[in-house]
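*Asks:* There's a structure below that I have some questions on.
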Amino acid sequence: MHTIPGRRIIMSLFLVFLLLPIYWLINMSFKTNSEIVSTMTLWPHHPTLQHYMRIFSDESWYSGYINSLEYVVINTIISVTVALPAAYAFSRYRFLGDKHLFFWLLSNRMAPAAVYALPFFNLYSAIGLFDTPWAVALAHCIFNVPLAVWILEGFVSGVPREIDETAFLDGYSFPRFFAKILVPLIASGIGVAAFFCFMFSWVELLLARTLTTVNAKPISAIMTRTVSAAGMDWGLLAAAGVLTLIPGALVIWFVRNYIARGFALGRV
Amino acid sequence: MDKTVNQKAWFLVLPVFAVVAFSAILPLMTVVNYSMQDTFGNNQFFWNGVGWFKELLDPSTDLGSRFFASLWRNLVFSAVILAIEVPLGIVIALSMPTKGWTVAACLVILALPLLIPWNVVGTIWQIFGREDIGLLGYVLNHIGIHYNYVANDIDAWITIIVMDVWHWTSLVALLCYAGLKSIPDAYYQAAQIDGASRWSVFTAIQLPKMNRVLLIAVLLRFMDSFMIYTEPFVVTGGGPGNSTTFISIELVKIALGQFDLGKAAALSLVYNLIILIVCWVFYTVMTNAGIERPQKEGVA
């Protein structure tokens with residue numbers, strides 16, 4: 001691969017630009033509030049774990065993380081499961097309205113969450129799912145299912161058709177072919193799709209906040225509420241922020257070898 | 001690769017259709033319903049026809065002026081961040097190390113901002129830019145640049161643009177990197193034999209190969225910046241004044257703040273329509289690019 005002159009400097013500068021605000025957040029989370037407000041220190045002079053202790057000992061705080069992970073996981077499972085057969089269909093067959101359907105799906109990925117906030121509120125209240133992880137998980141399907149179909153379609157198209165035909169000649173039934181042959185072949189694609197569903201569900205706040213009040217409130221919403229109610233507890237806010245970085249960082253670490261291809265949505 | 005016609009494929013698509021229809025069509029019907037009615041509270045609704053739409057599209061009314069002002073702001077914002085993020089993303093992708101552990105390290109750090117919840121992104125920059133406790137604001141003010149994103153329009157805009165560049169340039173860079181990785185070495189060797197300059201290698205080999213991924217990048221970045229809500233809302237709350245109130249923020253203000261359901265619904269539909277049109281343009285360009293490519297390479 002050809003690169004450009006001065007690439008080390010450009011890359012280093014950009015990485016510093018990316019990491020500096022994150023470092024500042026981490027730095028603040030280990031300071032006491034008086035140190036944050038009174039002096040400007042580049043690293044914590046009196047490091048403290050008090051903010052983290054408070055989050056881990058207070059259920060209204062740590063339950064937020066559990067709620068968030070709950071709907072993210074439900075959403076990822078639903079999205080990938082329903083998207084798999086559809087991706088196969090779009091990749092292999094032509095059928096009535098296939099192009100329109102694909103476009104319609106894609107357009108839902110692009111629909112602004114703000115438009116759906118209020119109708120979703122009405123819908124999930126009406127069917128009694130309001131304030132449950134299921135409401136948020138289903139609501140997030142509107143952008144994650146199309147995305148999963150799109151990614152998986154790219155990966156399925158990378159599997160030669162001959163493999164399907166050989167399997168059917170060998171007497172594999174369709175479900176058995178699907179489970180035994182296709183799924184293992186596109187395992188990395190499924191990983192990538194799951195990664196993206198996880199990512200977009202994890203970072204979304206507007207719908208998650210609108211659809212929950214108490215029992216299923218996500219951590220990101222708890223952060224905003226506590227801060228506005230109790231004045232500015234900067235250290236606590238920073239610590240809560242740092243803890244939201246961890247699931248993302250872990251997931252990236254697991255998929256690091258597929259990131260490049262994954263971000264191209266299987267279409268390189 | 002020709003696909004066979006098989007109407008039974010609908011059965012495979014049915015679950016997706018059901019899930020998305022449940023989340024998309026049902027709520028959209030509610031929106032259409034609201035957009036035609038007026039209410040004086042107490043769940044009493046009155047038929048208003050296209051009244052809200054007329055008001056929305058007439059810049060002389062309050063609603064219309066707010067809509068066009070926020071639409072304009074949003075378009076400027078999208079244009080600016082695309083103009084920064086796309087070239088910068090390409091440069092970053094070209095600057096990626098070629099081998100060793102640094103590749104994985106760079107990829108992980110690049111992807112990090114993408115997995116931070118959007119309101120935490122806002123919080124990070126809200127803190128980082130404050131002159132009393134934030135490194136950026138503190139340093140700027142101490143070297144003599146008066147910077148305050150809460151009070152100054154220009155500073156607020158710069159903060160939000162820099163935040164978006166920080167947040168999303170990695171996506172463009174990772175997409176371009178994936179495109180670059182797929183170029184076979186033979187292309188470069190051929191270019192070397194021909195004595196091609198670095199610039200012509202870029203314009204004749206790398207850029208055409210990145211075409212498709214760049215299109216995806218521009219599509220995703222345009223759409224996501226066009227519906228941006230959480231990050232500017234956390235940092236500036238749409239202010240100072242209305243200077244960073246984008247369409248989504250305006251919409252949520254009208255819908256959940258004032259509970260003006262009719263106006264909000266009309267705005268939602270027009271907003272959705274704009275997105276749909278842009279999406280259709282991109283989709284057409286993208287599928288056409290997909291048809292052209294195999295022919296050019298002779299792999300049918």
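Simple scheme: letters A, B, ... for chains in structure tokens order, numbers from 1 for residues in each chain, numbers from 1 for ligands in the order shown.
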Might you pull out every residue within 10 Å of stretch 185-199 of chain A, with only C-alpha atoms counted and same-chain residues fewer than 4 positions away left off, and present them as a PyMOL selection string?
*Replies:* (chain A and resi 69+71-81+83-84+140-141+143-145+147-159+178-181+203-204+247-248+251-252+254-255+257-259+261-263+265-266) or (chain B and resi 114-117)
*Asks:* If we count only C-alpha atoms, what is near A:Arg161 at a cut-off of 12 Å, once residues fewer than 4 positions away on the same chain are taken out, given as an mmCIF file with N, CA, C and O atoms, in the first residue's frame?
*Replies:*
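Output below, filename part.cif:
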```
data_model
loop_
_atom_site.group_PDB
_atom_site.id
_atom_site.type_symbol
_atom_site.label_atom_id
_atom_site.label_comp_id
_atom_site.auth_asym_id
_atom_site.auth_seq_id
_atom_site.Cartn_x
_atom_site.Cartn_y
_atom_site.Cartn_z
ATOM 1 N N TYR A 88 -29.734 -13.019 2.556
ATOM 2 C CA TYR A 88 -29.562 -14.109 1.585
ATOM 3 C C TYR A 88 -30.508 -13.909 0.404
ATOM 4 O O TYR A 88 -30.109 -14.039 -0.756
ATOM 5 N N SER A 91 -29.407 -11.103 -1.819
ATOM 6 C CA SER A 91 -28.171 -11.390 -2.525
ATOM 7 C C SER A 91 -28.365 -12.392 -3.657
ATOM 8 O O SER A 91 -27.695 -12.327 -4.677
ATOM 9 N N ARG A 92 -29.309 -13.343 -3.479
ATOM 10 C CA ARG A 92 -29.401 -14.454 -4.428
ATOM 11 C C ARG A 92 -30.572 -14.388 -5.396
ATOM 12 O O ARG A 92 -30.500 -14.928 -6.480
ATOM 13 N N TYR A 93 -31.674 -13.765 -4.974
ATOM 14 C CA TYR A 93 -32.879 -13.861 -5.790
ATOM 15 C C TYR A 93 -33.362 -12.495 -6.235
ATOM 16 O O TYR A 93 -33.092 -11.489 -5.598
ATOM 17 N N VAL A 156 -22.799 -12.011 2.089
ATOM 18 C CA VAL A 156 -23.375 -13.188 1.418
ATOM 19 C C VAL A 156 -23.003 -13.173 -0.062
ATOM 20 O O VAL A 156 -22.683 -14.205 -0.655
ATOM 21 N N SER A 157 -23.002 -11.971 -0.668
ATOM 22 C CA SER A 157 -22.650 -11.887 -2.083
ATOM 23 C C SER A 157 -21.210 -12.312 -2.330
ATOM 24 O O SER A 157 -20.852 -12.675 -3.445
ATOM 25 N N GLU A 165 -25.399 -24.310 -4.667
ATOM 26 C CA GLU A 165 -25.895 -25.331 -5.592
ATOM 27 C C GLU A 165 -25.358 -26.710 -5.223
ATOM 28 O O GLU A 165 -26.096 -27.688 -5.207
ATOM 29 N N THR A 166 -24.074 -26.776 -4.892
ATOM 30 C CA THR A 166 -23.490 -28.063 -4.493
ATOM 31 C C THR A 166 -24.192 -28.605 -3.258
ATOM 32 O O THR A 166 -24.521 -29.796 -3.191
ATOM 33 N N ALA A 167 -24.447 -27.732 -2.304
ATOM 34 C CA ALA A 167 -25.082 -28.179 -1.068
ATOM 35 C C ALA A 167 -26.469 -28.731 -1.347
ATOM 36 O O ALA A 167 -26.851 -29.795 -0.821
ATOM 37 N N PHE A 168 -27.229 -28.020 -2.221
ATOM 38 C CA PHE A 168 -28.585 -28.505 -2.510
ATOM 39 C C PHE A 168 -28.529 -29.824 -3.265
ATOM 40 O O PHE A 168 -29.341 -30.726 -3.041
ATOM 41 N N LEU A 182 -23.844 -21.881 5.279
ATOM 42 C CA LEU A 182 -23.777 -20.446 5.013
ATOM 43 C C LEU A 182 -23.304 -19.666 6.236
ATOM 44 O O LEU A 182 -22.389 -18.842 6.139
ATOM 45 N N MET B 1 -23.028 -11.439 -12.253
ATOM 46 C CA MET B 1 -23.718 -12.456 -11.444
ATOM 47 C C MET B 1 -25.227 -12.244 -11.592
ATOM 48 O O MET B 1 -25.768 -11.271 -11.076
ATOM 49 N N ASP B 2 -25.881 -13.115 -12.350
ATOM 50 C CA ASP B 2 -27.329 -12.900 -12.490
ATOM 51 C C ASP B 2 -28.100 -13.648 -11.412
ATOM 52 O O ASP B 2 -27.777 -14.779 -11.055
ATOM 53 N N LYS B 3 -29.106 -13.002 -10.925
ATOM 54 C CA LYS B 3 -29.906 -13.593 -9.858
ATOM 55 C C LYS B 3 -31.109 -14.289 -10.483
ATOM 56 O O LYS B 3 -31.619 -13.850 -11.513
ATOM 57 N N THR B 4 -31.551 -15.363 -9.861
ATOM 58 C CA THR B 4 -32.730 -16.045 -10.376
ATOM 59 C C THR B 4 -33.981 -15.408 -9.788
ATOM 60 O O THR B 4 -33.983 -14.948 -8.655
#
```
*Asks:* If you count only C-alpha atoms, which residues fall within 7 Å of stretch 18-27 of chain A, apart from same-chain ones fewer than 6 positions away, as a list in words?
*Replies:*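 Skipping anything fewer than 6 positions along the chain leaves Trp43, Pro44, Ala238 and Val242 of chain A; Ile124, Phe128 and Trp166 of chain B.
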*Asks:* Can you build me a table of stretch 109-131 of chain A residues sitting at most 10 Å from stretch 22-26 of chain B, with the closest atom pair per residue and its distance in Å to one decimal, using only C-alpha atoms, sorted by chain and residue number, as a Markdown table?
*Replies:*
```
| residue | atom | partner | partner_atom | distance |
| --- | --- | --- | --- | --- |
| A:Ala111 | CA | B:Ala24 | CA | 9.2 |
| A:Tyr116 | CA | B:Ala24 | CA | 8.2 |
| A:Pro119 | CA | B:Leu26 | CA | 8.4 |
| A:Phe120 | CA | B:Ser23 | CA | 7.9 |
| A:Leu123 | CA | B:Leu26 | CA | 8.0 |
```
*Asks:* Within 6 Å of chain A, which residues of chain B come that close, and what is the closest atom pair and distance in Å for each? Count only C-alpha atoms and give it as a tab-separated table.
*Replies:*
```
residue	atom	partner	partner_atom	distance
B:Lys3	CA	A:Tyr93	CA	5.0
B:Thr4	CA	A:Tyr93	CA	5.1
B:Val5	CA	A:Arg94	CA	4.5
B:Asn6	CA	A:Phe95	CA	5.6
B:Gln7	CA	A:Phe95	CA	4.9
B:Ala9	CA	A:Ala89	CA	5.4
B:Leu12	CA	A:Pro85	CA	5.1
B:Val13	CA	A:Ala86	CA	4.4
B:Pro15	CA	A:Val82	CA	5.7
B:Val16	CA	A:Val82	CA	5.5
B:Val20	CA	A:Ile142	CA	5.6
B:Ser23	CA	A:Ile142	CA	5.8
B:Pro27	CA	A:Pro119	CA	4.9
B:Leu94	CA	A:Thr3	CA	5.0
B:Ser95	CA	A:Arg7	CA	4.4
B:Leu115	CA	A:Gly248	CA	5.0
B:Ile116	CA	A:Leu245	CA	5.7
B:Pro117	CA	A:Val203	CA	3.6
B:Trp118	CA	A:Val203	CA	5.4
B:Val120	CA	A:Gly241	CA	5.9
B:Leu174	CA	A:Ala260	CA	5.8
B:Leu175	CA	A:Ala264	CA	5.1
B:Ala178	CA	A:Ala260	CA	4.9
B:Gly179	CA	A:Val268	CA	6.0
B:Met227	CA	A:Pro112	CA	5.3
B:Ser248	CA	A:Ala114	CA	5.7
B:Ser268	CA	A:Val115	CA	5.3
```
*Asks:* Give me a file of those residues, with N, CA, C and O atoms, as a compact mmCIF listing (two decimals), in the first residue's frame.
*Replies:*
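Written out: part_39.txt:
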```txt
# COMPACT_ATOMS: atom_id res chain seq x y z
N LYS B 3 -29.11 -13.00 -10.92
CA LYS B 3 -29.91 -13.59 -9.86
C LYS B 3 -31.11 -14.29 -10.48
O LYS B 3 -31.62 -13.85 -11.51
N THR B 4 -31.55 -15.36 -9.86
CA THR B 4 -32.73 -16.05 -10.38
C THR B 4 -33.98 -15.41 -9.79
O THR B 4 -33.98 -14.95 -8.66
N VAL B 5 -35.04 -15.42 -10.61
CA VAL B 5 -36.31 -14.89 -10.11
C VAL B 5 -36.95 -15.95 -9.23
O VAL B 5 -37.07 -17.11 -9.62
N ASN B 6 -37.29 -15.59 -8.02
CA ASN B 6 -37.91 -16.54 -7.11
C ASN B 6 -38.79 -15.78 -6.14
O ASN B 6 -38.30 -15.11 -5.24
N GLN B 7 -40.11 -15.88 -6.36
CA GLN B 7 -41.01 -15.09 -5.51
C GLN B 7 -41.05 -15.62 -4.08
O GLN B 7 -41.46 -14.93 -3.17
N ALA B 9 -38.71 -15.96 -2.24
CA ALA B 9 -37.74 -15.20 -1.44
C ALA B 9 -38.43 -14.23 -0.50
O ALA B 9 -37.86 -13.83 0.51
N LEU B 12 -38.34 -15.15 3.02
CA LEU B 12 -37.10 -14.87 3.76
C LEU B 12 -37.05 -13.41 4.20
O LEU B 12 -36.42 -13.07 5.19
N VAL B 13 -37.71 -12.56 3.42
CA VAL B 13 -37.65 -11.13 3.70
C VAL B 13 -38.74 -10.72 4.69
O VAL B 13 -38.66 -9.70 5.34
N PRO B 15 -39.71 -11.51 7.78
CA PRO B 15 -39.44 -11.06 9.15
C PRO B 15 -38.91 -9.64 9.20
O PRO B 15 -39.37 -8.84 10.02
N VAL B 16 -37.99 -9.32 8.30
CA VAL B 16 -37.44 -7.97 8.27
C VAL B 16 -38.54 -6.97 7.97
O VAL B 16 -38.67 -5.93 8.62
N VAL B 20 -39.55 -3.95 10.55
CA VAL B 20 -39.35 -2.55 10.18
C VAL B 20 -40.69 -1.86 9.95
O VAL B 20 -40.87 -0.69 10.32
N SER B 23 -42.06 -0.74 13.17
CA SER B 23 -41.38 0.43 13.74
C SER B 23 -41.47 1.66 12.85
O SER B 23 -41.23 2.75 13.32
N PRO B 27 -45.87 4.19 13.23
CA PRO B 27 -45.64 5.53 13.77
C PRO B 27 -45.83 6.62 12.71
O PRO B 27 -46.33 7.70 13.02
N LEU B 94 -4.43 7.41 4.12
CA LEU B 94 -3.15 7.27 3.43
C LEU B 94 -1.98 7.28 4.41
O LEU B 94 -0.89 6.85 4.08
N SER B 95 -2.22 7.80 5.61
CA SER B 95 -1.14 7.87 6.60
C SER B 95 -1.08 6.63 7.49
O SER B 95 -0.23 6.57 8.37
N LEU B 115 -17.62 4.71 19.17
CA LEU B 115 -18.39 3.90 20.09
C LEU B 115 -18.70 4.60 21.40
O LEU B 115 -19.07 3.98 22.37
N ILE B 116 -18.52 5.90 21.41
CA ILE B 116 -18.88 6.66 22.60
C ILE B 116 -20.32 7.14 22.45
O ILE B 116 -20.66 7.70 21.40
N PRO B 117 -21.17 6.89 23.44
CA PRO B 117 -22.54 7.38 23.34
C PRO B 117 -22.56 8.86 23.00
O PRO B 117 -21.73 9.63 23.49
N TRP B 118 -23.52 9.26 22.14
CA TRP B 118 -23.48 10.60 21.59
C TRP B 118 -23.57 11.69 22.64
O TRP B 118 -22.98 12.75 22.49
N VAL B 120 -22.36 11.46 25.59
CA VAL B 120 -21.05 11.52 26.26
C VAL B 120 -20.06 12.28 25.39
O VAL B 120 -19.22 13.03 25.90
N LEU B 174 -11.60 5.04 8.12
CA LEU B 174 -11.63 3.57 8.13
C LEU B 174 -12.21 3.03 6.83
O LEU B 174 -11.74 2.03 6.29
N LEU B 175 -13.24 3.71 6.31
CA LEU B 175 -13.81 3.28 5.03
C LEU B 175 -12.77 3.40 3.92
O LEU B 175 -12.58 2.47 3.13
N ALA B 178 -10.15 0.72 4.16
CA ALA B 178 -10.62 -0.55 3.63
C ALA B 178 -10.54 -0.56 2.11
O ALA B 178 -10.14 -1.55 1.49
N GLY B 179 -10.88 0.58 1.48
CA GLY B 179 -10.80 0.68 0.03
C GLY B 179 -9.36 0.56 -0.45
O GLY B 179 -9.07 -0.14 -1.42
N MET B 227 -29.30 14.80 10.51
CA MET B 227 -30.24 14.54 11.60
C MET B 227 -29.55 14.65 12.97
O MET B 227 -30.04 14.13 13.96
N SER B 248 -33.41 18.84 13.82
CA SER B 248 -33.86 17.88 14.82
C SER B 248 -34.13 18.57 16.16
O SER B 248 -35.10 18.25 16.85
N SER B 268 -42.06 17.07 10.62
CA SER B 268 -41.51 15.72 10.48
C SER B 268 -41.65 15.20 9.06
O SER B 268 -40.71 14.63 8.51
```
*Asks:* Rounded to one decimal in Å, what is the spacing between atom CA of A:Ser125 and atom CA of B:Met29?
*Replies:* 16.0 Å
*Asks:* How many Å lie between atom CA of B:Gly134 and atom CA of A:Ser29, rounded to one decimal?
*Replies:*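 Spanning atom CA of B:Gly134 to atom CA of A:Ser29 is a straight-line distance of 12.9 Å.
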*Asks:* Report as a ChimeraX atom specification all protein, DNA and RNA residues lying within 12 Å of A:Phe130, evaluated on only C-alpha atoms, omitting residues in the same chain fewer than 2 positions from it.
*Replies:* /A:120-128,132-139,207-217
*Asks:* How many Å lie between atom CA of B:Ile133 and atom CA of B:Glu231, rounded to one decimal?
*Replies:*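 Result for atom CA of B:Ile133 versus atom CA of B:Glu231: 19.4 Å, one decimal.
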*Asks:* Please provide the set of residues having any atom within 10 Å of stretch 213-219 of chain B, restricted to only C-alpha atoms, with same-chain residues fewer than 3 positions apart removed, written as a count of residues only.
*Replies:* 38
*Asks:* If we count only C-alpha atoms and set the cut-off at 12 Å, which residues sit around B:Phe53, ignoring sequence neighbours fewer than 6 positions away in its own chain? Please answer as a PyMOL selection string.
*Replies:* chain B and resi 32+34-37+59+61+63-64+67+262-271
*Asks:* Leaving out stretch 47-56 of chain A and any residue of its chain fewer than 5 positions from it, which residues lie within 6 Å of it when counting only C-alpha atoms, given as a list in words?
*Replies:*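 Residues meeting the cut-off are Phe30, Lys31, Trp61, Tyr62 and Leu236 of chain A.
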*Asks:* Determine which residues of stretch 19-260 of chain A DSSP labels as alpha helix (DSSP H) from the backbone of this structure, then write them out as a PyMOL selection string.
*Replies:* chain A and resi 19-29+33-38+50-57+59-92+98-109+113-126+133-157+161-169+174-177+183-185+187-203+206-210+219-229+234-255+259-260
*Asks:* In stretch 9-208 of chain B, what's strand (DSSP E) per DSSP? Answer as an mmCIF file with all heavy atoms, in the first residue's frame?
*Replies:*
```cif
data_model
loop_
_atom_site.group_PDB
_atom_site.id
_atom_site.type_symbol
_atom_site.label_atom_id
_atom_site.label_comp_id
_atom_site.auth_asym_id
_atom_site.auth_seq_id
_atom_site.Cartn_x
_atom_site.Cartn_y
_atom_site.Cartn_z
ATOM 1 N N GLN B 37 -54.335 17.781 11.735
ATOM 2 C CA GLN B 37 -55.305 18.167 12.753
ATOM 3 C C GLN B 37 -54.750 19.233 13.682
ATOM 4 O O GLN B 37 -53.554 19.423 13.799
ATOM 5 C CB GLN B 37 -55.699 16.933 13.579
ATOM 6 C CG GLN B 37 -56.283 15.841 12.734
ATOM 7 C CD GLN B 37 -56.810 14.715 13.558
ATOM 8 O OE1 GLN B 37 -57.652 14.913 14.415
ATOM 9 N NE2 GLN B 37 -56.308 13.531 13.317
ATOM 10 N N ASP B 38 -55.677 19.878 14.375
ATOM 11 C CA ASP B 38 -55.289 20.846 15.388
ATOM 12 C C ASP B 38 -55.929 20.403 16.697
ATOM 13 O O ASP B 38 -56.937 19.708 16.704
ATOM 14 C CB ASP B 38 -55.784 22.241 15.005
ATOM 15 C CG ASP B 38 -55.072 23.305 15.819
ATOM 16 O OD1 ASP B 38 -54.230 22.929 16.677
ATOM 17 O OD2 ASP B 38 -55.345 24.486 15.605
ATOM 18 N N THR B 39 -55.311 20.769 17.806
ATOM 19 C CA THR B 39 -55.873 20.358 19.083
ATOM 20 C C THR B 39 -55.818 21.516 20.063
ATOM 21 O O THR B 39 -54.928 22.348 20.010
ATOM 22 C CB THR B 39 -55.109 19.158 19.659
ATOM 23 O OG1 THR B 39 -55.602 18.901 20.960
ATOM 24 C CG2 THR B 39 -53.617 19.421 19.717
ATOM 25 N N PHE B 45 -59.523 16.839 18.869
ATOM 26 C CA PHE B 45 -58.804 17.181 17.651
ATOM 27 C C PHE B 45 -59.738 17.770 16.608
ATOM 28 O O PHE B 45 -60.914 17.413 16.547
ATOM 29 C CB PHE B 45 -58.097 15.953 17.075
ATOM 30 C CG PHE B 45 -56.914 15.539 17.894
ATOM 31 C CD1 PHE B 45 -57.057 14.621 18.930
ATOM 32 C CD2 PHE B 45 -55.674 16.088 17.658
ATOM 33 C CE1 PHE B 45 -55.973 14.260 19.693
ATOM 34 C CE2 PHE B 45 -54.582 15.717 18.418
ATOM 35 C CZ PHE B 45 -54.734 14.803 19.436
ATOM 36 N N PHE B 46 -59.219 18.702 15.812
ATOM 37 C CA PHE B 46 -60.008 19.325 14.763
ATOM 38 C C PHE B 46 -59.278 19.165 13.443
ATOM 39 O O PHE B 46 -58.058 19.242 13.391
ATOM 40 C CB PHE B 46 -60.208 20.812 15.053
ATOM 41 C CG PHE B 46 -60.880 21.043 16.362
ATOM 42 C CD1 PHE B 46 -60.138 21.203 17.520
ATOM 43 C CD2 PHE B 46 -62.266 21.045 16.439
ATOM 44 C CE1 PHE B 46 -60.763 21.388 18.736
ATOM 45 C CE2 PHE B 46 -62.891 21.230 17.650
ATOM 46 C CZ PHE B 46 -62.140 21.399 18.815
ATOM 47 N N TRP B 47 -60.045 18.979 12.398
ATOM 48 C CA TRP B 47 -59.480 18.824 11.070
ATOM 49 C C TRP B 47 -58.839 20.128 10.620
ATOM 50 O O TRP B 47 -59.444 21.182 10.724
ATOM 51 C CB TRP B 47 -60.589 18.406 10.109
ATOM 52 C CG TRP B 47 -60.159 18.321 8.693
ATOM 53 C CD1 TRP B 47 -60.527 19.146 7.680
ATOM 54 C CD2 TRP B 47 -59.290 17.350 8.124
ATOM 55 N NE1 TRP B 47 -59.937 18.747 6.515
ATOM 56 C CE2 TRP B 47 -59.174 17.643 6.758
ATOM 57 C CE3 TRP B 47 -58.586 16.256 8.628
ATOM 58 C CZ2 TRP B 47 -58.396 16.894 5.896
ATOM 59 C CZ3 TRP B 47 -57.812 15.508 7.762
ATOM 60 C CH2 TRP B 47 -57.715 15.834 6.420
#
```
